[in-house]
file my_file03.tsv (TSV, C-alpha atoms)
chain	number	residue	atom	x	y	z
G	133	MET	CA	13.12	-8.95	-13.47
G	134	PRO	CA	9.75	-10.79	-13.48
G	135	LEU	CA	6.58	-8.85	-14.28
G	136	ALA	CA	5.17	-9.75	-10.86
G	137	LEU	CA	7.88	-7.57	-9.32
G	138	TYR	CA	6.67	-4.55	-11.29
G	139	ALA	CA	3.15	-5.33	-10.11
G	140	LEU	CA	4.42	-4.81	-6.56
G	141	THR	CA	6.00	-1.55	-7.74
G	142	ALA	CA	2.58	-0.38	-8.94
G	143	GLY	CA	1.07	-1.09	-5.54
G	144	ALA	CA	3.91	0.75	-3.80
G	145	PHE	CA	3.31	3.74	-6.07
G	146	GLY	CA	-0.36	3.99	-5.13
G	147	ILE	CA	0.32	3.68	-1.42
G	148	GLY	CA	3.07	6.29	-1.59
G	149	VAL	CA	0.79	8.79	-3.32
G	150	THR	CA	-2.05	8.45	-0.84
G	151	GLU	CA	0.31	8.85	2.11
G	152	PHE	CA	1.93	12.11	1.05
G	153	VAL	CA	-0.50	13.85	-1.31
G	154	ILE	CA	-2.62	15.20	1.55
G	155	MET	CA	0.27	17.52	2.50
G	156	GLY	CA	-0.31	19.64	-0.59
G	157	LEU	CA	-4.07	19.76	-0.13
G	158	LEU	CA	-4.45	20.93	3.46
G	159	ILE	CA	-5.72	24.38	2.45
G	160	GLU	CA	-8.32	22.92	0.09
G	161	VAL	CA	-9.46	20.32	2.62
G	162	GLY	CA	-9.65	22.88	5.41
G	163	ARG	CA	-11.63	25.32	3.29
G	164	ASP	CA	-14.08	22.68	2.08
G	165	LEU	CA	-14.69	21.06	5.47
G	166	GLY	CA	-14.64	24.28	7.48
G	167	ILE	CA	-11.62	23.43	9.61
G	168	SER	CA	-8.29	25.09	10.24
G	169	ILE	CA	-5.14	24.09	8.40
G	170	ALA	CA	-3.71	22.87	11.72
G	171	THR	CA	-6.70	20.59	12.21
G	172	ALA	CA	-6.45	19.35	8.63
G	173	GLY	CA	-2.80	18.56	9.35
G	174	LEU	CA	-3.96	15.92	11.82
G	175	LEU	CA	-4.89	13.83	8.80
G	176	ILE	CA	-1.15	13.33	8.27
G	177	SER	CA	-0.63	12.20	11.87
G	178	GLY	CA	-3.72	10.02	11.71
G	179	TYR	CA	-2.39	8.17	8.70
G	180	ALA	CA	0.95	7.61	10.41
G	181	LEU	CA	-0.87	6.24	13.46
G	182	GLY	CA	-2.83	3.86	11.23
G	183	VAL	CA	0.42	2.56	9.75
G	184	VAL	CA	1.98	1.98	13.17
G	185	VAL	CA	-1.09	0.25	14.61
G	186	GLY	CA	-2.30	-1.53	11.50
G	187	ALA	CA	0.91	-3.23	10.39
G	188	PRO	CA	1.39	-5.59	13.38
G	189	ILE	CA	-2.34	-6.30	13.74
G	190	LEU	CA	-2.93	-7.16	10.08
G	191	THR	CA	0.32	-9.11	9.88
G	192	ALA	CA	-0.78	-11.24	12.84
G	193	PHE	CA	-4.19	-11.94	11.33
G	194	ALA	CA	-2.76	-12.66	7.90
G	195	GLY	CA	-0.02	-14.98	9.10
G	196	ARG	CA	-1.67	-18.13	7.74
G	197	MET	CA	-2.87	-16.66	4.46
G	198	LYS	CA	-1.06	-16.90	1.14
G	199	SER	CA	1.07	-13.89	0.32
G	200	ARG	CA	-0.80	-13.30	-2.93
G	201	THR	CA	-4.14	-13.28	-1.13
G	202	ILE	CA	-2.83	-10.89	1.51
G	203	LEU	CA	-1.55	-8.40	-1.06
G	204	LEU	CA	-4.80	-8.46	-3.03
G	205	LEU	CA	-6.88	-7.92	0.11
G	206	LEU	CA	-4.63	-5.03	1.12
G	207	MET	CA	-5.19	-3.37	-2.25
G	208	VAL	CA	-8.94	-3.77	-1.74
G	209	VAL	CA	-8.64	-2.04	1.65
G	210	PHE	CA	-6.48	0.65	0.05
G	211	THR	CA	-8.98	1.28	-2.76
G	212	ILE	CA	-12.04	1.34	-0.50
G	213	GLY	CA	-10.24	3.64	1.92
G	214	ASN	CA	-9.42	6.17	-0.78
G	215	ALA	CA	-12.96	6.07	-2.17
G	216	ALA	CA	-14.21	6.72	1.37
G	217	CYS	CA	-11.84	9.70	1.60
G	218	ALA	CA	-13.31	11.12	-1.60
G	219	LEU	CA	-16.85	10.71	-0.24
G	220	ALA	CA	-16.16	11.93	3.32
G	221	PRO	CA	-18.79	14.54	4.36
G	222	ASN	CA	-16.79	15.92	7.29
G	223	PHE	CA	-13.41	15.88	9.01
G	224	GLU	CA	-14.25	12.95	11.29
G	225	ALA	CA	-15.29	10.73	8.39
G	226	LEU	CA	-12.19	11.71	6.45
G	227	MET	CA	-9.98	10.84	9.41
G	228	VAL	CA	-11.57	7.40	9.75
G	229	ALA	CA	-11.16	6.81	6.02
G	230	ARG	CA	-7.48	7.80	6.23
G	231	LEU	CA	-6.99	5.39	9.12
G	232	VAL	CA	-8.58	2.57	7.13
G	233	THR	CA	-6.38	3.34	4.15
G	234	ALA	CA	-3.28	3.38	6.36
G	235	LEU	CA	-3.95	-0.17	7.55
G	236	ALA	CA	-2.72	-1.47	4.21
G	237	HIS	CA	0.53	0.48	4.21
G	238	GLY	CA	2.97	-1.28	6.53
G	239	THR	CA	1.72	-4.78	5.84
G	240	PHE	CA	1.91	-4.29	2.07
G	241	PHE	CA	5.56	-3.27	2.18
G	242	GLY	CA	6.42	-6.02	4.66
G	243	VAL	CA	4.72	-8.84	2.77
G	244	GLY	CA	5.63	-7.33	-0.59
G	245	SER	CA	9.33	-7.31	0.29
G	246	VAL	CA	9.23	-11.01	1.15
G	247	VAL	CA	7.39	-11.81	-2.07
G	248	ALA	CA	9.81	-9.67	-4.09
G	249	THR	CA	12.82	-11.62	-2.83
G	250	SER	CA	11.07	-14.93	-3.54
G	251	LEU	CA	10.60	-14.02	-7.20
G	252	VAL	CA	14.30	-13.77	-8.04
G	253	ALA	CA	17.56	-15.59	-7.51
G	254	GLU	CA	19.36	-15.17	-4.21
G	255	ASP	CA	21.98	-12.81	-5.62
G	256	ARG	CA	19.27	-10.44	-6.94
G	257	ARG	CA	17.16	-10.07	-3.82
G	258	ALA	CA	18.47	-6.62	-2.94
G	259	SER	CA	17.76	-5.44	-6.48
G	260	ALA	CA	14.24	-6.88	-6.31
G	261	ILE	CA	13.43	-4.92	-3.15
G	262	ALA	CA	14.93	-1.80	-4.71
G	263	VAL	CA	12.69	-2.20	-7.77
G	264	MET	CA	9.62	-2.55	-5.58
G	265	PHE	CA	10.47	0.55	-3.55
G	266	THR	CA	11.04	2.48	-6.76
G	267	GLY	CA	7.26	2.82	-6.78
G	268	LEU	CA	7.48	4.81	-3.56
G	269	THR	CA	10.20	7.03	-5.03
G	270	VAL	CA	8.23	7.70	-8.20
G	271	ALA	CA	5.18	8.45	-6.07
G	272	ASN	CA	7.09	11.24	-4.31
G	273	ILE	CA	8.67	12.64	-7.47
G	274	VAL	CA	5.73	12.38	-9.88
G	275	GLY	CA	2.58	11.09	-8.18
G	276	VAL	CA	2.36	13.53	-5.28
G	277	PRO	CA	2.96	16.71	-7.35
G	278	LEU	CA	0.47	15.48	-9.95
G	279	GLY	CA	-2.08	14.62	-7.26
G	280	THR	CA	-1.60	18.01	-5.64
G	281	TRP	CA	-2.14	19.80	-8.95
G	282	LEU	CA	-5.24	17.72	-9.62
G	283	GLY	CA	-6.68	18.53	-6.21
G	284	GLN	CA	-5.97	22.23	-6.49
G	285	GLU	CA	-7.47	22.46	-9.95
G	286	TYR	CA	-10.48	20.15	-9.65
G	287	GLY	CA	-11.00	19.75	-5.90
G	288	TRP	CA	-9.22	17.60	-3.35
G	289	ARG	CA	-11.82	14.84	-3.66
G	290	MET	CA	-10.80	14.28	-7.27
G	291	THR	CA	-7.30	13.41	-6.09
G	292	PHE	CA	-8.59	10.64	-3.87
G	293	TRP	CA	-10.79	9.32	-6.67
G	294	ALA	CA	-7.73	9.23	-8.90
G	295	VAL	CA	-5.74	7.34	-6.26
G	296	ALA	CA	-8.65	4.89	-5.86
G	297	VAL	CA	-8.41	4.23	-9.61
G	298	VAL	CA	-4.69	3.60	-9.17
G	299	GLY	CA	-5.65	1.08	-6.49
G	300	VAL	CA	-7.99	-0.71	-8.89
G	301	ILE	CA	-5.26	-0.85	-11.54
G	302	ALA	CA	-2.70	-2.09	-9.01
G	303	PHE	CA	-5.13	-4.79	-7.85
G	304	ALA	CA	-5.65	-5.95	-11.43
G	305	VAL	CA	-1.93	-6.00	-12.18
G	306	LEU	CA	-1.17	-7.93	-8.98
G	307	ALA	CA	-3.98	-10.41	-9.68
G	308	ILE	CA	-2.65	-11.06	-13.18
G	309	PHE	CA	1.08	-11.26	-12.58
G	310	LEU	CA	1.59	-12.50	-9.02
G	311	PRO	CA	2.11	-16.27	-9.03
G	312	LYS	CA	-0.82	-18.21	-7.59
G	313	GLU	CA	1.57	-20.46	-5.73
G	314	ASP	CA	2.95	-19.04	-2.51
G	315	ALA	CA	6.51	-18.52	-3.69
G	316	ALA	CA	7.51	-16.90	-0.40
G	317	ALA	CA	6.48	-19.97	1.58
G	318	ASP	CA	8.18	-22.30	-0.90
G	319	LYS	CA	11.39	-20.29	-0.58
G	320	THR	CA	11.26	-20.60	3.20
G	321	ARG	CA	10.84	-24.37	2.94
G	322	ARG	CA	13.79	-24.66	0.57
G	323	GLU	CA	16.01	-22.65	2.87
G	324	ARG	CA	15.13	-24.76	5.93
G	325	PRO	CA	15.36	-28.34	4.68
G	326	SER	CA	16.54	-29.80	7.96
G	327	ARG	CA	13.53	-28.52	9.84
G	328	TYR	CA	11.06	-30.03	7.39
G	329	CYS	CA	13.00	-33.28	7.08
G	330	SER	CA	12.93	-33.64	10.85
G	331	ALA	CA	9.23	-32.98	10.94
G	332	ASN	CA	8.57	-35.56	8.23
G	333	ARG	CA	10.80	-38.12	9.91
G	334	TRP	CA	8.68	-38.08	13.04

call {"tool": "encode", "arguments": {"input": "my_file03.tsv", "output": "structure tokens"}}
result
Amino acid sequence: MPLALYALTAGAFGIGVTEFVIMGLLIEVGRDLGISIATAGLLISGYALGVVVGAPILTAFAGRMKSRTILLLLMVVFTIGNAACALAPNFEALMVARLVTALAHGTFFGVGSVVATSLVAEDRRASAIAVMFTGLTVANIVGVPLGTWLGQEYGWRMTFWAVAVVGVIAFAVLAIFLPKEDAAADKTRRERPSRYCSANRW
């Protein structure tokens, strides 16, 4: 498998951690911000809402951009969102920061899946997507428990700082290993030769 595929895996890992780690930190967040655990739980619902709303909106805006550019911008949004979570002075600010972070979620996995399949031969596309989503699996098995421990030991803000660092690393890895050419678009052109031939003929 190409290294660019594992770069996508790194991004998936970071996004998976930031989505689920809040579940183990509700008590700490509630205590620090002076809110109930039930109110803190709305941060989970807020993130889910951001995913649902953000994915179609960002996908529409990013339709004419190169896949590589889209993924890098999404990691910037992800990193800034987590840093904002770590700095949030109150519940309202934390909720807004979670919503911003969630905007990157759905679009990253959608665009990332297309890019993943464009990096390998046709008979390995399913395996490529599986490798990318391994990052999400590892996030649940390793990242979330580790993030929860970190937040309980050193404060919940430290967890979000750590995830922001993961975002920076993922951005760097994607920038280095993702091909600068839009492989996804090239793959689409190769698979639809008749359409492009017709367009060129006229």

call {"tool": "residues_around", "arguments": {"input": "my_file03.tsv", "residues": "Gly148 of chain G", "least_positions_apart": "4", "cutoff": "10 Å", "atoms": "only C-alpha atoms", "output": "number ranges by chain"}}
result
G: 142-144, 152-153, 237, 265, 267-272, 275-276

call {"tool": "write_last_selection", "arguments": {"input": "my_file03.tsv", "atoms": "C-alpha atoms", "output": "compact mmCIF listing (two decimals), in the coordinates of the input"}}
result
# COMPACT_ATOMS: atom_id res chain seq x y z
CA ALA G 142 2.58 -0.38 -8.94
CA GLY G 143 1.07 -1.09 -5.54
CA ALA G 144 3.91 0.75 -3.80
CA PHE G 152 1.93 12.11 1.05
CA VAL G 153 -0.50 13.85 -1.31
CA HIS G 237 0.53 0.48 4.21
CA PHE G 265 10.47 0.55 -3.55
CA GLY G 267 7.26 2.82 -6.78
CA LEU G 268 7.48 4.81 -3.56
CA THR G 269 10.20 7.03 -5.03
CA VAL G 270 8.23 7.70 -8.20
CA ALA G 271 5.18 8.45 -6.07
CA ASN G 272 7.09 11.24 -4.31
CA GLY G 275 2.58 11.09 -8.18
CA VAL G 276 2.36 13.53 -5.28

call {"tool": "atom_distance", "arguments": {"input": "my_file03.tsv", "atom1": "atom CA of Ile167 of chain G", "atom2": "atom CA of Pro277 of chain G"}}
result
23.4 Å

call {"tool": "atom_distance", "arguments": {"input": "my_file03.tsv", "atom1": "atom CA of Leu205 of chain G", "atom2": "atom CA of Phe240 of chain G"}}
result
9.7 Å

call {"tool": "atom_distance", "arguments": {"input": "my_file03.tsv", "atom1": "atom CA of Ala236 of chain G", "atom2": "atom CA of Leu206 of chain G"}}
result
5.1 Å

call {"tool": "residues_near_point", "arguments": {"input": "my_file03.tsv", "point": "(-2.8, -9.4, -9.2)", "cutoff": "10 Å", "atoms": "all atoms listed in the file", "output": "VMD selection string"}}
result
chain G and resid 136 139 to 140 143 200 to 201 203 to 204 207 301 to 312

call {"tool": "closest_residue", "arguments": {"input": "my_file03.tsv", "among": "G:Val300, G:Met133, G:Leu231, G:Ala262", "to": "Ile176 of chain G", "atoms": "only C-alpha atoms"}}
result
G:Leu231

call {"tool": "axis_aligned_box", "arguments": {"input": "my_file03.tsv", "around": "segment 234-247 of chain G", "padding_each_side": "4 Å", "output": "JSON"}}
result
{"center_x": 2.7, "center_y": -4.2, "center_z": 2.7, "size_x": 21.3, "size_y": 23.2, "size_z": 17.6}

call {"tool": "residues_around", "arguments": {"input": "my_file03.tsv", "residues": "segment 215-229 of chain G", "least_positions_apart": "4", "cutoff": "7 Å", "atoms": "all atoms listed in the file", "output": "ChimeraX atom specification"}}
result
/G:165,175,178,211,233,289-290,292-293,296

call {"tool": "residues_around", "arguments": {"input": "my_file03.tsv", "residues": "Gly242 of chain G", "least_positions_apart": "6", "cutoff": "12 Å", "atoms": "all atoms listed in the file", "output": "ChimeraX atom specification"}}
result
/G:140,144,183,186-188,190-191,194-195,199,202-203,206,236,248-249,261,264-265

call {"tool": "closest_residue", "arguments": {"input": "my_file03.tsv", "among": "G:Ile212, G:Ile159, G:Val295, G:Ala180", "to": "Gly238 of chain G", "atoms": "all atoms listed in the file"}}
result
G:Ala180

call {"tool": "closest_residue", "arguments": {"input": "my_file03.tsv", "among": "G:Tyr286, G:Phe241, G:Phe145, G:Phe193", "to": "Val298 of chain G", "atoms": "only C-alpha atoms"}}
result
G:Phe145

call {"tool": "closest_residue", "arguments": {"input": "my_file03.tsv", "among": "G:Thr280, G:Thr291, G:Thr150, G:Ser259", "to": "Phe210 of chain G", "atoms": "all atoms listed in the file"}}
result
G:Thr150

call {"tool": "closest_residue", "arguments": {"input": "my_file03.tsv", "among": "G:Val252, G:Ile273, G:Ala170, G:Val232", "to": "Val208 of chain G", "atoms": "all atoms listed in the file"}}
result
G:Val232

call {"tool": "residues_near_point", "arguments": {"input": "my_file03.tsv", "point": "(-2.2, 20.6, 0.5)", "cutoff": "10 Å", "atoms": "only C-alpha atoms", "output": "PDB file with C-alpha atoms, in the coordinates of the input"}}
result
ATOM      1  CA  PHE G 152       1.930  12.110   1.050  1.00  0.00           C
ATOM      2  CA  VAL G 153      -0.500  13.850  -1.310  1.00  0.00           C
ATOM      3  CA  ILE G 154      -2.620  15.200   1.550  1.00  0.00           C
ATOM      4  CA  MET G 155       0.270  17.520   2.500  1.00  0.00           C
ATOM      5  CA  GLY G 156      -0.310  19.640  -0.590  1.00  0.00           C
ATOM      6  CA  LEU G 157      -4.070  19.760  -0.130  1.00  0.00           C
ATOM      7  CA  LEU G 158      -4.450  20.930   3.460  1.00  0.00           C
ATOM      8  CA  ILE G 159      -5.720  24.380   2.450  1.00  0.00           C
ATOM      9  CA  GLU G 160      -8.320  22.920   0.090  1.00  0.00           C
ATOM     10  CA  VAL G 161      -9.460  20.320   2.620  1.00  0.00           C
ATOM     11  CA  GLY G 162      -9.650  22.880   5.410  1.00  0.00           C
ATOM     12  CA  ILE G 169      -5.140  24.090   8.400  1.00  0.00           C
ATOM     13  CA  ALA G 172      -6.450  19.350   8.630  1.00  0.00           C
ATOM     14  CA  GLY G 173      -2.800  18.560   9.350  1.00  0.00           C
ATOM     15  CA  GLY G 279      -2.080  14.620  -7.260  1.00  0.00           C
ATOM     16  CA  THR G 280      -1.600  18.010  -5.640  1.00  0.00           C
ATOM     17  CA  TRP G 281      -2.140  19.800  -8.950  1.00  0.00           C
ATOM     18  CA  GLY G 283      -6.680  18.530  -6.210  1.00  0.00           C
ATOM     19  CA  GLN G 284      -5.970  22.230  -6.490  1.00  0.00           C
ATOM     20  CA  TRP G 288      -9.220  17.600  -3.350  1.00  0.00           C
TER      21      TRP G 288
END

call {"tool": "closest_residue", "arguments": {"input": "my_file03.tsv", "among": "G:Leu137, G:Ala234, G:Ala192, G:Val149", "to": "Ser177 of chain G", "atoms": "only C-alpha atoms"}}
result
G:Ala234
